[in-house]
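Everything on this sheet refers to the single structure shown next.
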Amino acid sequence: MKNITIQLPDGSSVTRNSGMTAREILTSLNGSSLDAVVAARLNDRTVDLDCPVEEDASLAPVSLDSDEGLDILRHSISHVMAQAVQDLFPSVKVTIGPSIEDGFYYDFDYSEDAFTPEDLEKIEARMAEIIAADLPFTRSVLSVDEAITFFEERGEPYKVELLRDLAGETQEVTLYRQGDFVDLCRGPHIPSTGMIRSFKLLNVAGSYWRGDEHKARLQRIYGTGFASQEELDRYLALIEEAKKRDHRKLGRELDLFQINDEVGPGLIIFHPRGAMLRTIIEDWERKEHLKRGYGIVMGPQILKGELWKRSGHFDHYRENMYYTEVDDQVYGIKPMNCLSHMLIYKSRIRSYRDLPLRYFELGTVHRHEKTGVLHGLLRARQFTQDDAHILCTPEQLNDEIRSVVDFVDDAMKIFNFEYDVELSTRPDDSIGTDEEWDRATTALRTALDETGKDYDVNEGDGAFYGPKIDFKLRDALGRKWQCATIQCDFTLPERFDLSYVGPDGEKHRPVMLHRVILGAIERFMGVLIEHYAGALPLWLSPVQALILTVTDRHSPYGEEILQRLIEAGVRAEGDFRNEKLGFKIREGQLQKIPYMLVIGDREVESKTLAPRRRDGSKLDALTVDDFIALVREEAVAFR
RNA sequence: GCCGAUGUAGCUCAGCUGGUAGAGCAACUGAUUCGUAAUCAGUAGGUCCGCGGUUCAAAUCCGCGCAUCGGCUCCA
C-alpha cells in the first residue's frame, strides 16, 4: 500500500495509507473528536468525511460552526425537508434546494394544492423523525444518462431537465441518498441526519422554476438551522428584534409619514417630522453637490410623448410610465430626469472647454411599479432622486466615474453605512451597439479596479441604455437595497445628437453618466431609519431637543427657552402639559429625541436647563447658550 | 404581475362550530402640580377593507375587487 503525506492546518504533516477516508485520517490524529465535524477540506475542495484520500494532500476538518460547515449543514437540512415533504405529499416534484445566507430553501412543484402554515408543522414533525432515525447520507456517482433514467423512473421531471442541461458540461454526476430519498447534488453533506441539532421552517413563498416568471410556478419553503438550538433561538430573537426596526412601523410611531389607501399604493405623505428629515437630507445634498462642481437644475414633471420616443423610453420603459393628455397631446410623466438635462446641454453650442458639465436635480419621478413589489419607503411609485447627469469627453470619463465613487464613499461614511458594490452588464432588452457597451463597461470596470474596492458582477443586469455600478445598503432584515448607482450611457447623447466642439474645431460626441448618490431620498430615509432604529444622530433628528417642565409654573420659562433655541436654529419642541415628569420623559424617549431638557424650580432659579440624553445619561445643568453651543458642536461632529 | 397569508376603534390585538362587537394603550373631561421610562377616575370612539351572494340572521360561510405582509419576477 502506498504512503501519502497529509498536510494539516497547523502546518505539520503526517503520513498515512493511500485510500484512507478523510474521517479515518482525522480520527487517527491525537485527541481529535469528530462530533462537530461535518465535512473535510481536501486541498481546495470541501468533501464528505467518507471521501477517500488517494494522493498527497492538505486536509482540514470543517466544523459545524464554521461558515462552510453551516452551509453544508443547512444544505443537508434542505434535503431532509425535501424527504419529509415527499413522504407527506407524494405528488410533490422536487426542484432545487440550496443553502442561502442565514438558512436554506427548497422549491417544490405542488400544483394541486398549497402548503399551509399547518403543513409546515407537519413537515417539521416528519423531519424530526428523519433526524431521530439518524439516516446516513450516502454518495454515489452515475453517468448523466444513468441519472436521467433514474429520475425519469422516479417521476422527477425537474431533475431530468437539470441533468439534460448538465449533459453538455460533464459526464458524471453525484447523487446523495438518505433513507429512500435521493437527490441530484454536488454535495458535500453531513455524515448523517442525526447530526442536525436544530432547525426551523420559517415561511412558504411563491417562486418560479429557474426564476423565470414564464415557467412553472413553484412553492418555496424557507428554513434555517444552526450548530445548536441556542444559536437558532438567538437568531430567531434577532429577527424579532429586527422587525421592531422596520421603517414602516417606526414611520408611524415616530410620526414621520403615512401611506394611505385613499391616496393610493406606493405614494407617501410626509408628516412634519418626516418632511423635516427629508429637508435636512436635501439641504445637505445641495451643499455637497455645489462643493463638487455640480449645477442645480430643475425640469418639468411631464414631457411630450415624442421626446420619450426619441430617448428610447417609449420602447423600453413604456409599461413603467404614467401618461396624461394635454390638448390632445400625449405627455409622459417622467420616470427619470435625464431628458430635461439633455435639453439643457443642447440649449447652446458646447466647447470641450465647458466640459465636464454636471447637472444636479432633486428630481421627483413616477414609476408604475408592480403591486407586489411595493414596500413602504423602500419601493414607492413616486420618489425623488438625487440625480445628476455628467456630460464629458471620453478622456474625462474615468476621472468623473472615480470622483462619483469617491462622492458615494464620502456620503456613506457621513451616514455611517457599509455598502456592497456590484457591476451590472448588458441586459437582453437594450439599445446601443456592442462596441458602445464594451467601452462603457470597460470604463466602469477600470475606474472600479483603480479604487481597489471589492465588487461582484451581475451579468445582464444593466439599465437598457447602459451598464452600471450599483451600491447596495441593507435594511433591518439584511435585505439589500440599491441606493447609489453610476450608469454609463453612450446612447442618449447619440439619440439627442449632443456634441461639443473639440480643440480640433470639429464636432464630437460627449459621453454621459447618470448617477445618484443616496439614490431615492425616500428609500434612503427608509434604510436610514432602520439602520439607526429610529434613533437618528443629532444632525438628522427632526426634533433635537424637547423641553420638559416639572409643573405648570415652569411653563413661562419653558416658552422663553424654547423661543431662544428655535431662534438659534436648534430644532426644539416643548412639552408643557400637566403630566408627571416621568411620563413626559417616557414619551420623549419613545420618540427617540436626542436631548430632553428638564426645567423645574432649580433651573428657573439659576436660568439653566438640565439636559438628559437619549441614552438615559444626565448632564450637569447648562445655560441656554451653553446648550446651544453643545448642539452646534455635536451636530457638526456627526458629519 | 405571480404564489401564499392577512385586513375588527388612532395603535396593538381578542371575538369558539353564523345569533349584528370587546380589552389595553392613545384621545377627551375632571381631579392631581408632581424632578428623569407610564398619577387616578370618568367619557366617548367601530360602513368589523369594499361590493355582491347564501341565510330568518354574516365580523364569522361563498364569490369578486382593493390594500397590506412574506417571497418570486422586476427595480432607485
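Scheme for the C-alpha cells: letters A, B, ... for chains in order shown; per-chain residue numbers from 1; ligand numbers from 1 in order shown.
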
Exercise for the section: Find the spatial neighbours of region 3-10 of chain B, counting only C-alpha atoms (C1' of nucleotides), within a cut-off of 6 Å - ignore same-chain residues fewer than 4 positions away - and output them as a ChimeraX atom specification. Expected result: /A:205-206 /B:46,48

Handout entry: Contact set, chain B to chain A: 10 Å, only C-alpha atoms (C1' of nucleotides), as a ChimeraX atom specification
Key = /B:1-5,11,32-39,49,66-76
